[in-house]
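One structure is given below, encoded as structure tokens.
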Amino acid sequence: MSNWTILCDFDGTVSVEDITDSLLERFGRPGWQVIEQAWRRGEMGSHDCMAQQVALLDASRDEMNAHLDNMSIDRAFVHFVAAAREAGMPLAVVSDGLDYAIRRILSSNGLGDLPVIANRLEAVGERGWQLDFPYGSSSCRIASGNCKCSCAGRARSEHKRVLLIGDGASDFCVAGEADLVFAKHRLIEHCRSAAIPYVPITGFADALDLLPTLLAGELAAHGCAEPLAAVSQAA
């Protein structure tokens, strides 16, 4: 059994596009873009931003399902999950997105049994929606709907080393709590500037190729002076 556990972002990491944004663009009533800009300016955290935006969705369950069924994931993710399981590396999808959307997309790709830690999407009437935040935290440093740092803390309490796989702003904070980051897109520059140990990837084909070296304790990461095995022994 590996001493690593994997926390994996969903939107833009597993999925090809941001699912929440695609739902808002398709079904959002006017005003969601104003809320988005306020969040981008740092005037609110994602908890408040997402709650207000989801309240503007106007879609039946059938319409939402049809939209979600057209969403694509990284084709190598299924193989990465299989390899992680074979190596005894627990993997959970940890997202500041919508649990219903994530589970439906994973299920359509044969991954419905993956643990999903995300904001809870609930129907209100025939066309309305609201969010609940079962994994929020009043002490979250960035006021997220889902405090990913708390997820990392729970993994550490089980004496696991944390591998984070992510791509953007919702992963900036938790990246500093991980032992190693497989980073895409904006997360690469964040890890570089914050001196967080990371390996750049373009997708899960890269992540899959890296797993044997990681498990052998021979992976050298940017921002890390020694291979991960030496760091693990010193920890």
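Just remember, in the structure tokens the first chain shown is A, the second B, etc., residues are 1-based per chain, and ligands are 1-based in the order shown.
Taking stretch 189-224 of chain A and asking which residues DSSP calls helix (DSSP H, G or I) on the backbone, you get Glu189, His190, Cys191, Arg192, Ser193, Ala194, Phe204, Ala205, Asp206, Ala207, Leu208, Asp209, Leu210, Leu211, Pro212, Thr213, Leu214 and Leu215 of chain A.
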Notebook entry, point to check: If we count only C-alpha atoms, what is near A:Ile142 at a cut-off of 9 Å, once residues fewer than 6 positions away on the same chain are taken out, given as a ChimeraX atom specification?
Noted result: /A:45-46,170,173
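Note that atom CA of A:Thr13 and atom CA of A:Ile196 are 18.7 Å apart.
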Checklist line | Residue contacts of stretch 153-160 of chain A (12 Å, only C-alpha atoms) excluding same-chain residues fewer than 3 positions away, as a list of chain:residue names | finding: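 After dropping sequence-adjacent residues, the list is A:Met1, A:Ser2, A:Asn3, A:Trp4, A:Thr5, A:Ile6, A:Leu7, A:Gly88, A:Met89, A:Pro90, A:Leu91, A:Ala92, A:Tyr135, A:Cys147, A:Lys148, A:Cys149, A:Ser150, A:Leu163, A:Leu164, A:Val174, A:Gly176, A:Glu177, A:Ala178, A:Asp179, A:Ser232, A:Ala235.
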For stretch 24-131 of chain A versus stretch 209-216 of chain A, which residues have an atom no more than 10 Å away, and what is each residue's nearest atom pair and distance in Å rounded to one decimal, using only C-alpha atoms, chain-then-number order, as JSON lines?
```
{"residue": "A:Phe80", "atom": "CA", "partner": "A:Leu211", "partner_atom": "CA", "distance": 8.7}
{"residue": "A:Ala83", "atom": "CA", "partner": "A:Leu211", "partner_atom": "CA", "distance": 8.1}
{"residue": "A:Ala84", "atom": "CA", "partner": "A:Leu211", "partner_atom": "CA", "distance": 7.9}
{"residue": "A:Ala87", "atom": "CA", "partner": "A:Leu215", "partner_atom": "CA", "distance": 8.1}
{"residue": "A:Met89", "atom": "CA", "partner": "A:Leu215", "partner_atom": "CA", "distance": 9.6}
```
Next item on the list: Using only C-alpha atoms, determine which residues lie at most 10 Å from A:Ala205, disregarding the query and same-chain residues fewer than 2 positions distant; provide the list as a ChimeraX atom specification.
Entry: /A:74-77,79-80,201-203,207-210
Take the residues from that selection and put them in a file with C-alpha atoms, as a short mmCIF file (atom, residue, chain, number, x, y, z; two decimals), in the first residue's frame.
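What follows is the written file out24.cif:
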```cif
data_model
loop_
_atom_site.label_atom_id
_atom_site.label_comp_id
_atom_site.auth_asym_id
_atom_site.auth_seq_id
_atom_site.Cartn_x
_atom_site.Cartn_y
_atom_site.Cartn_z
CA ASP A 74 -9.32 14.06 -20.26
CA ARG A 75 -9.22 10.71 -22.04
CA ALA A 76 -6.25 9.51 -19.98
CA PHE A 77 -7.99 10.09 -16.63
CA HIS A 79 -6.30 5.00 -17.12
CA PHE A 80 -4.71 7.18 -14.44
CA ILE A 201 1.81 18.44 -16.67
CA THR A 202 -0.36 19.08 -19.70
CA GLY A 203 -2.84 16.33 -18.81
CA ALA A 207 0.54 12.20 -14.80
CA LEU A 208 0.26 8.53 -15.73
CA ASP A 209 3.82 8.50 -17.02
CA LEU A 210 5.06 10.08 -13.77
#
```
Next item on the list: Run DSSP on the backbone and give me the residues of chain A it puts in strand (DSSP E or B), as a ChimeraX atom specification.
Entry: /A:4-8,15,28,57,73,91-98,116-124,128-132,161-166,180-183,198-200,222
For A:Ile105, please output as a tab-separated table (two decimals) with N, CA and C atoms, in the first residue's frame all residues within 12 Å (counting only C-alpha atoms; exclusion window: fewer than 6 positions along the same chain).
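Generated output (result.tsv):
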```tsv
chain	number	residue	atom	x	y	z
A	10	PHE	N	-11.36	19.03	-10.40
A	10	PHE	CA	-12.18	18.53	-11.51
A	10	PHE	C	-12.25	19.49	-12.68
A	11	ASP	N	-12.80	20.69	-12.46
A	11	ASP	CA	-13.05	21.62	-13.57
A	11	ASP	C	-11.75	22.11	-14.18
A	14	VAL	N	-9.74	17.44	-14.62
A	14	VAL	CA	-10.32	16.21	-15.17
A	14	VAL	C	-11.18	16.55	-16.39
A	15	SER	N	-12.06	17.53	-16.23
A	15	SER	CA	-12.91	17.92	-17.36
A	15	SER	C	-12.15	18.81	-18.33
A	16	VAL	N	-12.54	18.76	-19.58
A	16	VAL	CA	-11.87	19.55	-20.60
A	16	VAL	C	-12.16	21.04	-20.42
A	19	ILE	N	-17.04	23.15	-15.95
A	19	ILE	CA	-18.44	22.74	-16.07
A	19	ILE	C	-19.38	23.80	-15.51
A	64	MET	N	-30.46	20.06	-17.76
A	64	MET	CA	-29.13	20.04	-17.18
A	64	MET	C	-28.42	18.73	-17.50
A	65	ASN	N	-29.13	17.61	-17.37
A	65	ASN	CA	-28.52	16.32	-17.65
A	65	ASN	C	-28.06	16.22	-19.11
A	66	ALA	N	-28.88	16.71	-20.02
A	66	ALA	CA	-28.51	16.66	-21.43
A	66	ALA	C	-27.25	17.47	-21.68
A	67	HIS	N	-27.14	18.61	-21.03
A	67	HIS	CA	-25.94	19.44	-21.17
A	67	HIS	C	-24.72	18.72	-20.59
A	68	LEU	N	-24.86	18.17	-19.40
A	68	LEU	CA	-23.73	17.48	-18.75
A	68	LEU	C	-23.28	16.26	-19.54
A	69	ASP	N	-24.22	15.60	-20.19
A	69	ASP	CA	-23.87	14.40	-20.95
A	69	ASP	C	-23.05	14.71	-22.19
A	70	ASN	N	-22.94	15.98	-22.55
A	70	ASN	CA	-22.10	16.40	-23.68
A	70	ASN	C	-20.73	16.89	-23.24
A	71	MET	N	-20.46	16.88	-21.93
A	71	MET	CA	-19.18	17.35	-21.42
A	71	MET	C	-18.12	16.23	-21.50
A	72	SER	N	-16.90	16.61	-21.83
A	72	SER	CA	-15.82	15.64	-22.02
A	72	SER	C	-14.80	15.73	-20.89
A	73	ILE	N	-14.14	14.60	-20.63
A	73	ILE	CA	-13.04	14.58	-19.68
A	73	ILE	C	-11.75	14.22	-20.41
A	74	ASP	N	-10.62	14.47	-19.75
A	74	ASP	CA	-9.32	14.06	-20.26
A	74	ASP	C	-9.36	12.55	-20.49
A	98	LEU	N	-19.64	21.64	-8.57
A	98	LEU	CA	-20.97	21.12	-8.28
A	98	LEU	C	-20.95	19.60	-8.24
A	99	ASP	N	-21.31	19.02	-7.09
A	99	ASP	CA	-21.21	17.58	-6.94
A	99	ASP	C	-22.09	16.82	-7.93
A	111	LEU	N	-16.76	5.90	-13.90
A	111	LEU	CA	-16.03	6.24	-12.67
A	111	LEU	C	-16.99	6.72	-11.57
A	112	GLY	N	-18.19	6.19	-11.56
A	112	GLY	CA	-19.19	6.63	-10.61
A	112	GLY	C	-18.88	6.29	-9.17
A	113	ASP	N	-17.90	5.40	-8.94
A	113	ASP	CA	-17.56	5.02	-7.57
A	113	ASP	C	-16.44	5.86	-6.97
A	114	LEU	N	-15.93	6.84	-7.71
A	114	LEU	CA	-14.88	7.69	-7.15
A	114	LEU	C	-15.46	8.60	-6.05
A	116	VAL	N	-16.23	11.90	-4.23
A	116	VAL	CA	-16.35	13.28	-4.70
A	116	VAL	C	-16.61	14.18	-3.49
```
Item checked: Distance criterion (only C-alpha atoms): nearest to A:Asp167 out of A:Ser139, A:Ser95, A:Arg26, A:Arg103 -> A:Ser95
Notebook entry, point to check: If we count only C-alpha atoms, what is near A:Gly136 at a cut-off of 7 Å, once residues fewer than 6 positions away on the same chain are taken out, given as a PyMOL selection string?
Noted result: chain A and resi 144-147
Can you spit out the residues from that selection as an mmCIF file, in the first residue's frame, using N, CA and C atoms?
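As a result, again_13.cif now contains:
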```
data_model
loop_
_atom_site.group_PDB
_atom_site.id
_atom_site.type_symbol
_atom_site.label_atom_id
_atom_site.label_comp_id
_atom_site.auth_asym_id
_atom_site.auth_seq_id
_atom_site.Cartn_x
_atom_site.Cartn_y
_atom_site.Cartn_z
ATOM 1 N N SER A 144 -13.626 29.823 0.418
ATOM 2 C CA SER A 144 -14.116 28.910 -0.608
ATOM 3 C C SER A 144 -15.381 28.206 -0.150
ATOM 4 N N GLY A 145 -16.142 27.706 -1.105
ATOM 5 C CA GLY A 145 -17.272 26.868 -0.758
ATOM 6 C C GLY A 145 -16.813 25.542 -0.196
ATOM 7 N N ASN A 146 -15.760 24.991 -0.771
ATOM 8 C CA ASN A 146 -15.156 23.738 -0.327
ATOM 9 C C ASN A 146 -13.728 24.048 0.100
ATOM 10 N N CYS A 147 -13.431 23.895 1.386
ATOM 11 C CA CYS A 147 -12.083 24.184 1.882
ATOM 12 C C CYS A 147 -11.167 22.995 1.579
#
```
Notebook entry, point to check: Which distance in Å separates atom CA of A:Phe182 and atom CA of A:Leu131, to one decimal?
Noted result: 29.0 Å
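Here atom CA of A:Asp62 stands at a distance of 14.1 Å from atom CA of A:Glu122.
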